[in-house]
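Written out below as structure tokens is the structure these notes cover.
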Amino acid sequence: MSSPRLSILALFLFATLAARGTAQTVLYRDFTSTTGLTRNSVSVSGGAITLADNANDRGSVFTSSTYSISSFSAAFEFRITNPGGGTDSFNQQGADGLAFVIQRAQANALGSSGEGLGYLGINQSVAVEFDTWFNSTRADPDSNHYGLDLNGSVNSVVTAAESTRFDNGQKWSVWVDYNGTALEVRASTTGVRPTTASLTYGTAQNPFDLATAIGGANAYIGFTGATGSATGTHQLLSFAFSDTYVPGGISVIPEPSTYALFGLGLGLVGVAAWRRRRG
């Protein structure tokens with residue numbers, strides 16, 4: 001006989017899943033399989049996607065299908081190791097960084113290397129950059145910061161400093177949420193979602209209309225990364241996306257009980273990719 005606590009939990013989960021029944025979800029707990037993704041000048045090894053590695057390298061990966069971006073919640077993990085090469089004016093090695101990108105160009109879109117982060121030149125797009133090199137030509141605030149970029153430009157419309165180096169070799173967990181008014185970015189090396197956003201763009205008084213910014217309500221979702229004369233190994237470790245905004249964010253490692261209670265296995269492509277399409 002099931003316990004009252006389990007029954008209440010099951011009812012709660014059922015209501016939650018039913019409420020999100022129209023949402024489309026992408027889940028890659030790792031990249032053992034990349035089915036459903038379009039890879040552009042990247043390598044895959046050990047369940048990770050390497051976006052950029054050697055000098056003057058660049059790469060991108062995007063969903064092969066478009067998704068609604070009227071509101072969304074995304075989560076992903078990345079790691080940047082082996083920073084090397086020359087130093088910038090902040091005396092920091094390692095470059096150049098990576099970006100989470102929403103774009104309407106094409107699934108195989110890929111921008112410039114170096115300070116372009118593999119994003120420069122991708123039109124009809126918005127990017128959240130994780131920049132590890134100071135470029136005075138683009139008015140970077142420092143050599144380790146977040147930035148929000150529009151329409152293939154790397155001159156960020158808003159930036160925020162990060163005191164911990166993105167290329168410190170640790171696994172970074174990131175949450176990007178858009179509720180139709182404001183886009184918020186959170187990141188940590190603990191795996192715990194911070195309460196306060198590191199970067200916010202849009203307010204109730206001055207909302208950010210993402211669909212207008214990129215020229216449509218559907219887009220490819222993915223990542224770019226690049227190096228220049230300074231280098232670093234830029235790896236994407238996991239990725240989850242819901243085309244419905246989820247207060248409190250989503251996780252790349254959902255509780256197995258959520259699926260087990262309703263027979264929703266992750267066996268479409270091992271446990272690497274799972275989609276719930278519109279019914």
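Going through the structure tokens in order, the chains are called A, B, and so on, while each chain numbers its residues from 1 and the ligands are numbered from 1 in the order shown.
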Taking only residues of stretch 130-209 of chain A that have an atom at most 9 Å from an atom of stretch 98-104 of chain A, what is each one's shortest atom pair and its distance in Å to one decimal, using only C-alpha atoms, in chain and number order, as a Markdown table?
| residue | atom | partner | partner_atom | distance |
| --- | --- | --- | --- | --- |
| A:Phe130 | CA | A:Leu98 | CA | 5.4 |
| A:Asp131 | CA | A:Leu98 | CA | 6.6 |
| A:Thr132 | CA | A:Leu98 | CA | 8.6 |
| A:Asn151 | CA | A:Gln103 | CA | 8.4 |
| A:Val176 | CA | A:Phe100 | CA | 8.8 |
Do you have, as CSV, the list of residues of stretch 70-154 of chain A lying at most 10 Å from stretch 192-198 of chain A, each with its nearest atom pair and that distance in Å to one decimal, counting only C-alpha atoms and ordered by chain then number?
residue,atom,partner,partner_atom,distance
A:Ala75,CA,A:Arg193,CA,9.9
A:His145,CA,A:Ser198,CA,9.8
A:Tyr146,CA,A:Ser198,CA,8.0
May I have the selected residues written with N, CA, C and O atoms, as a PDB file, in the first residue's frame?
ATOM      1  N   ALA A  75      19.291  25.399 -18.710  1.00  0.00           N
ATOM      2  CA  ALA A  75      20.368  25.104 -17.765  1.00  0.00           C
ATOM      3  C   ALA A  75      21.448  24.346 -18.512  1.00  0.00           C
ATOM      4  O   ALA A  75      21.148  23.556 -19.413  1.00  0.00           O
ATOM      5  N   HIS A 145      33.919  38.180 -17.372  1.00  0.00           N
ATOM      6  CA  HIS A 145      32.618  38.808 -17.176  1.00  0.00           C
ATOM      7  C   HIS A 145      31.520  38.131 -17.993  1.00  0.00           C
ATOM      8  O   HIS A 145      31.783  37.384 -18.934  1.00  0.00           O
ATOM      9  N   TYR A 146      30.282  38.421 -17.606  1.00  0.00           N
ATOM     10  CA  TYR A 146      29.103  38.069 -18.377  1.00  0.00           C
ATOM     11  C   TYR A 146      28.777  39.236 -19.304  1.00  0.00           C
ATOM     12  O   TYR A 146      29.084  40.393 -19.009  1.00  0.00           O
TER      13      TYR A 146
END
*Determine the nearest neighbour of A:Gly118 from the options A:Asp96, A:Asp243, A:Asp88, A:Glu77, counting only C-alpha atoms.*
A:Asp96
*What are the DSSP strand (DSSP E) residues of stretch 53-148 of chain A, as an MDAnalysis selection string?*
chainID A and resid 58:63 67:68 72:84 97:103 125:131 145:148
Hey, can you spit out that residue selection with N, CA, C and O atoms as a compact mmCIF listing (two decimals), in the first residue's frame?
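Result went into part_10.txt, see below:
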# COMPACT_ATOMS: atom_id res chain seq x y z
N ARG A 58 37.41 27.77 -33.24
CA ARG A 58 36.03 28.17 -33.00
C ARG A 58 35.11 27.00 -33.29
O ARG A 58 35.46 26.10 -34.07
N GLY A 59 33.95 27.00 -32.67
CA GLY A 59 32.99 25.94 -32.92
C GLY A 59 31.63 26.33 -32.38
O GLY A 59 31.50 27.26 -31.57
N SER A 60 30.61 25.62 -32.85
CA SER A 60 29.25 25.87 -32.36
C SER A 60 28.46 24.58 -32.41
O SER A 60 28.78 23.64 -33.14
N VAL A 61 27.40 24.54 -31.63
CA VAL A 61 26.45 23.43 -31.65
C VAL A 61 25.07 24.02 -31.37
O VAL A 61 24.91 24.83 -30.45
N PHE A 62 24.09 23.63 -32.20
CA PHE A 62 22.73 24.13 -32.06
C PHE A 62 21.73 23.00 -32.21
O PHE A 62 22.01 21.98 -32.84
N THR A 63 20.56 23.20 -31.62
CA THR A 63 19.48 22.26 -31.86
C THR A 63 19.19 22.23 -33.35
O THR A 63 19.23 23.27 -34.02
N TYR A 67 12.73 26.14 -31.56
CA TYR A 67 11.85 26.08 -30.39
C TYR A 67 11.29 27.47 -30.11
O TYR A 67 11.90 28.48 -30.43
N SER A 68 10.15 27.49 -29.46
CA SER A 68 9.55 28.75 -29.05
C SER A 68 10.41 29.41 -27.99
O SER A 68 10.89 28.75 -27.06
N PHE A 72 11.19 30.99 -21.59
CA PHE A 72 11.93 29.73 -21.53
C PHE A 72 12.76 29.67 -20.25
O PHE A 72 12.98 30.68 -19.56
N SER A 73 13.21 28.47 -19.96
CA SER A 73 14.22 28.24 -18.92
C SER A 73 15.25 27.28 -19.49
O SER A 73 14.90 26.27 -20.11
N ALA A 74 16.51 27.59 -19.30
CA ALA A 74 17.61 26.75 -19.78
C ALA A 74 18.60 26.53 -18.64
O ALA A 74 18.73 27.36 -17.73
N ALA A 75 19.29 25.40 -18.71
CA ALA A 75 20.37 25.10 -17.76
C ALA A 75 21.45 24.35 -18.51
O ALA A 75 21.15 23.56 -19.41
N PHE A 76 22.69 24.59 -18.17
CA PHE A 76 23.79 23.86 -18.80
C PHE A 76 25.01 23.89 -17.91
O PHE A 76 25.08 24.66 -16.93
N GLU A 77 25.96 23.04 -18.23
CA GLU A 77 27.22 22.98 -17.50
C GLU A 77 28.38 23.10 -18.50
O GLU A 77 28.32 22.54 -19.59
N PHE A 78 29.41 23.82 -18.12
CA PHE A 78 30.60 23.93 -18.97
C PHE A 78 31.85 23.90 -18.11
O PHE A 78 31.81 24.10 -16.89
N ARG A 79 32.96 23.64 -18.77
CA ARG A 79 34.26 23.66 -18.11
C ARG A 79 35.28 24.23 -19.09
O ARG A 79 35.32 23.83 -20.26
N ILE A 80 36.12 25.16 -18.62
CA ILE A 80 37.22 25.70 -19.43
C ILE A 80 38.52 25.41 -18.69
O ILE A 80 38.72 25.87 -17.56
N THR A 81 39.39 24.65 -19.34
CA THR A 81 40.65 24.23 -18.73
C THR A 81 41.84 24.70 -19.57
O THR A 81 41.68 25.20 -20.68
N ASN A 82 43.02 24.52 -19.02
CA ASN A 82 44.29 24.76 -19.72
C ASN A 82 44.41 26.16 -20.31
O ASN A 82 44.80 26.33 -21.48
N PRO A 83 44.12 27.22 -19.54
CA PRO A 83 44.31 28.56 -20.09
C PRO A 83 45.78 28.81 -20.38
O PRO A 83 46.65 28.48 -19.57
N GLY A 84 46.06 29.34 -21.56
CA GLY A 84 47.46 29.56 -21.94
C GLY A 84 47.60 30.69 -22.93
O GLY A 84 46.63 31.36 -23.29
N GLY A 97 36.48 32.48 -24.53
CA GLY A 97 35.23 32.28 -23.82
C GLY A 97 34.21 31.56 -24.68
O GLY A 97 34.48 31.11 -25.79
N LEU A 98 33.00 31.46 -24.13
CA LEU A 98 31.91 30.79 -24.85
C LEU A 98 30.62 31.57 -24.64
O LEU A 98 30.56 32.50 -23.83
N ALA A 99 29.58 31.17 -25.38
CA ALA A 99 28.31 31.89 -25.31
C ALA A 99 27.13 30.94 -25.47
O ALA A 99 27.21 29.95 -26.22
N PHE A 100 26.07 31.22 -24.76
CA PHE A 100 24.77 30.58 -24.94
C PHE A 100 24.02 31.44 -25.95
O PHE A 100 23.86 32.65 -25.75
N VAL A 101 23.56 30.84 -27.04
CA VAL A 101 23.04 31.61 -28.17
C VAL A 101 21.64 31.16 -28.57
O VAL A 101 21.37 29.96 -28.68
N ILE A 102 20.78 32.13 -28.81
CA ILE A 102 19.45 31.92 -29.38
C ILE A 102 19.44 32.64 -30.71
O ILE A 102 19.66 33.86 -30.75
N GLN A 103 19.23 31.92 -31.82
CA GLN A 103 19.38 32.57 -33.12
C GLN A 103 18.45 31.96 -34.16
O GLN A 103 18.04 30.80 -34.07
N SER A 125 19.84 37.27 -33.53
CA SER A 125 20.29 36.45 -32.41
C SER A 125 20.47 37.25 -31.13
O SER A 125 20.56 38.48 -31.14
N VAL A 126 20.50 36.51 -30.05
CA VAL A 126 20.84 37.03 -28.73
C VAL A 126 21.82 36.04 -28.11
O VAL A 126 21.64 34.82 -28.25
N ALA A 127 22.84 36.54 -27.44
CA ALA A 127 23.83 35.65 -26.81
C ALA A 127 24.14 36.12 -25.41
O ALA A 127 24.20 37.32 -25.13
N VAL A 128 24.33 35.15 -24.53
CA VAL A 128 24.87 35.42 -23.19
C VAL A 128 26.31 34.92 -23.22
O VAL A 128 26.57 33.74 -23.42
N GLU A 129 27.26 35.83 -23.07
CA GLU A 129 28.66 35.45 -23.17
C GLU A 129 29.30 35.27 -21.80
O GLU A 129 28.94 35.93 -20.83
N PHE A 130 30.27 34.35 -21.77
CA PHE A 130 31.10 34.09 -20.60
C PHE A 130 32.53 34.33 -21.08
O PHE A 130 33.19 33.44 -21.60
N ASP A 131 32.97 35.56 -20.91
CA ASP A 131 34.18 36.08 -21.56
C ASP A 131 35.37 35.99 -20.63
O ASP A 131 35.29 36.38 -19.47
N HIS A 145 33.92 38.18 -17.37
CA HIS A 145 32.62 38.81 -17.18
C HIS A 145 31.52 38.13 -17.99
O HIS A 145 31.78 37.38 -18.93
N TYR A 146 30.28 38.42 -17.61
CA TYR A 146 29.10 38.07 -18.38
C TYR A 146 28.78 39.24 -19.30
O TYR A 146 29.08 40.39 -19.01
N GLY A 147 28.12 38.93 -20.42
CA GLY A 147 27.65 39.99 -21.29
C GLY A 147 26.44 39.53 -22.07
O GLY A 147 26.28 38.33 -22.34
N LEU A 148 25.57 40.46 -22.42
CA LEU A 148 24.43 40.16 -23.29
C LEU A 148 24.66 40.83 -24.63
O LEU A 148 24.85 42.05 -24.69
*Can you list, as number ranges by chain, every residue of stretch 72-213 of chain A that DSSP puts in helix (DSSP H, G or I)?*
A: 114-116, 136-138, 210-213
Given the selection you just returned, output its residues as a file containing all heavy atoms, formatted as a short mmCIF file (atom, residue, chain, number, x, y, z; two decimals), in the first residue's frame.
data_model
loop_
_atom_site.label_atom_id
_atom_site.label_comp_id
_atom_site.auth_asym_id
_atom_site.auth_seq_id
_atom_site.Cartn_x
_atom_site.Cartn_y
_atom_site.Cartn_z
N GLY A 114 38.48 34.11 -31.90
CA GLY A 114 39.05 35.16 -31.06
C GLY A 114 37.99 35.86 -30.25
O GLY A 114 37.09 35.24 -29.68
N GLU A 115 38.05 37.19 -30.20
CA GLU A 115 37.10 37.96 -29.43
C GLU A 115 35.67 37.81 -29.93
O GLU A 115 34.72 38.15 -29.23
CB GLU A 115 37.48 39.44 -29.43
CG GLU A 115 37.34 40.12 -30.79
CD GLU A 115 37.76 41.57 -30.74
OE1 GLU A 115 38.98 41.85 -30.79
OE2 GLU A 115 36.87 42.44 -30.60
N GLY A 116 35.49 37.22 -31.12
CA GLY A 116 34.16 36.98 -31.66
C GLY A 116 33.43 35.85 -30.95
O GLY A 116 32.22 35.68 -31.13
N SER A 136 39.98 45.67 -25.41
CA SER A 136 39.70 47.10 -25.32
C SER A 136 38.92 47.59 -26.53
O SER A 136 38.17 48.57 -26.44
CB SER A 136 41.01 47.88 -25.19
OG SER A 136 41.86 47.62 -26.31
N THR A 137 39.05 46.91 -27.67
CA THR A 137 38.38 47.34 -28.89
C THR A 137 36.87 47.19 -28.80
O THR A 137 36.13 47.83 -29.54
CB THR A 137 38.88 46.54 -30.11
OG1 THR A 137 38.68 45.14 -29.85
CG2 THR A 137 40.36 46.81 -30.35
N ARG A 138 36.39 46.36 -27.91
CA ARG A 138 34.94 46.16 -27.76
C ARG A 138 34.45 46.62 -26.40
O ARG A 138 33.36 46.27 -25.96
CB ARG A 138 34.58 44.70 -27.97
CG ARG A 138 35.42 43.72 -27.20
CD ARG A 138 34.98 42.31 -27.36
NE ARG A 138 33.79 42.01 -26.56
CZ ARG A 138 33.32 40.79 -26.36
NH1 ARG A 138 33.91 39.75 -26.91
NH2 ARG A 138 32.26 40.59 -25.64
N LEU A 210 12.25 39.56 -26.49
CA LEU A 210 13.22 38.71 -27.17
C LEU A 210 12.80 38.40 -28.60
O LEU A 210 13.63 38.41 -29.52
CB LEU A 210 13.41 37.42 -26.38
CG LEU A 210 14.36 36.36 -26.95
CD1 LEU A 210 15.74 36.93 -27.21
CD2 LEU A 210 14.46 35.17 -25.99
N ALA A 211 11.53 38.09 -28.82
CA ALA A 211 11.06 37.75 -30.16
C ALA A 211 11.27 38.91 -31.13
O ALA A 211 11.68 38.70 -32.28
CB ALA A 211 9.58 37.36 -30.12
N THR A 212 11.02 40.12 -30.69
CA THR A 212 11.26 41.28 -31.55
C THR A 212 12.75 41.47 -31.80
O THR A 212 13.17 41.81 -32.92
CB THR A 212 10.68 42.55 -30.89
OG1 THR A 212 9.26 42.41 -30.77
CG2 THR A 212 10.99 43.79 -31.72
N ALA A 213 13.56 41.22 -30.79
CA ALA A 213 15.01 41.41 -30.91
C ALA A 213 15.61 40.49 -31.97
O ALA A 213 16.55 40.89 -32.67
CB ALA A 213 15.69 41.18 -29.56
#
*By how many Å are atom CA of A:Gly152 and atom CA of A:Thr203 apart?*
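Result for atom CA of A:Gly152 versus atom CA of A:Thr203: 23.0 Å, one decimal.
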*With distances taken over only C-alpha atoms, which of A:Ser71, A:Ser43, A:Asn168, A:Asn54 is nearest to A:Phe241?*
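That would be A:Ser71, the residue with the smallest distance to A:Phe241.
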*If you measure from atom CA of A:Ala240 to atom CA of A:Thr25, what distance in Å do you get, rounded to one decimal?*
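These two atoms are separated by 7.3 Å.
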_Could you check the closest approach to A:Asp167 for each of A:Ser153, A:His234, A:Gly228, A:Arg39 and tell me which residue wins, using only C-alpha atoms?_
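The shortest atom-to-atom distance to A:Asp167 comes from A:His234.
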*asked:* Taking only C-alpha atoms into account, name the residue in A:Gln92, A:Thr200, A:Thr38, A:Thr66 that is nearest to A:Ala182.
replied: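 Under the stated criterion, the closest residue is A:Thr200.
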*Return the single residue from A:Asn56, A:Ser173, A:Ser64, A:Asn179 that is closest to A:Gly248, with distances computed using only C-alpha atoms.*
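Using only C-alpha atoms, A:Gly248 sits closest to A:Asn179.
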*asked:* Using only C-alpha atoms, which protein or nucleic acid residues come within 10 Å of A:Ile253? Drop anything in the same chain fewer than 5 positions from it, and give the result as a list of chain:residue names.
replied: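 The filter keeps A:Leu27, A:Tyr28, A:Arg29, A:Asp30, A:Ala75, A:Ser238, A:Phe239, A:Ala240.
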_Need to verify the contact set: A:Gly202, 10 Å, only C-alpha atoms, exclusion of same-chain residues closer than 4 positions in sequence. Can you return it as a PyMOL selection string?_
chain A and resi 178+180-184+206-210
Using only N, CA and C atoms, please write the residues we just selected to a file, as a short mmCIF file (atom, residue, chain, number, x, y, z; two decimals), in the first residue's frame.
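Result file is selection.cif:
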data_model
loop_
_atom_site.label_atom_id
_atom_site.label_comp_id
_atom_site.auth_asym_id
_atom_site.auth_seq_id
_atom_site.Cartn_x
_atom_site.Cartn_y
_atom_site.Cartn_z
N TYR A 178 13.98 33.31 -18.98
CA TYR A 178 13.32 34.46 -19.61
C TYR A 178 11.82 34.31 -19.38
N GLY A 180 9.47 36.45 -20.35
CA GLY A 180 8.72 37.29 -21.27
C GLY A 180 8.95 38.76 -21.04
N THR A 181 9.59 39.10 -19.94
CA THR A 181 9.88 40.49 -19.60
C THR A 181 11.36 40.72 -19.36
N ALA A 182 11.98 39.84 -18.57
CA ALA A 182 13.39 39.98 -18.21
C ALA A 182 14.13 38.68 -18.46
N LEU A 183 15.37 38.80 -18.91
CA LEU A 183 16.26 37.65 -19.07
C LEU A 183 17.25 37.70 -17.92
N GLU A 184 17.38 36.57 -17.19
CA GLU A 184 18.25 36.51 -16.03
C GLU A 184 19.28 35.39 -16.20
N ASN A 206 10.61 48.52 -18.43
CA ASN A 206 11.29 48.51 -19.73
C ASN A 206 11.56 47.06 -20.12
N PRO A 207 10.53 46.32 -20.53
CA PRO A 207 10.68 44.88 -20.80
C PRO A 207 11.57 44.60 -22.00
N PHE A 208 12.22 43.44 -21.96
CA PHE A 208 13.02 42.95 -23.08
C PHE A 208 12.17 42.02 -23.91
N ASP A 209 11.87 42.43 -25.14
CA ASP A 209 11.06 41.62 -26.05
C ASP A 209 12.01 40.79 -26.91
N LEU A 210 12.25 39.56 -26.49
CA LEU A 210 13.22 38.71 -27.17
C LEU A 210 12.80 38.40 -28.60
#
_Please report the interatomic distance between atom CA of A:Ser89 and atom CA of A:Ser143 in Å with one decimal._
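Between these atoms lies a distance of 8.3 Å.
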*Can you tell me, as a list in words, what residues are no more than 8 Å from A:Ala52 when counting only C-alpha atoms, ignoring any on the same chain fewer than 4 positions away?*
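In the requested form, the answer reads Val42, Asp57, Arg58, Gly59, Gly225, Ala226, Thr227, Gly232, Thr233, His234 and Gln235 of chain A.
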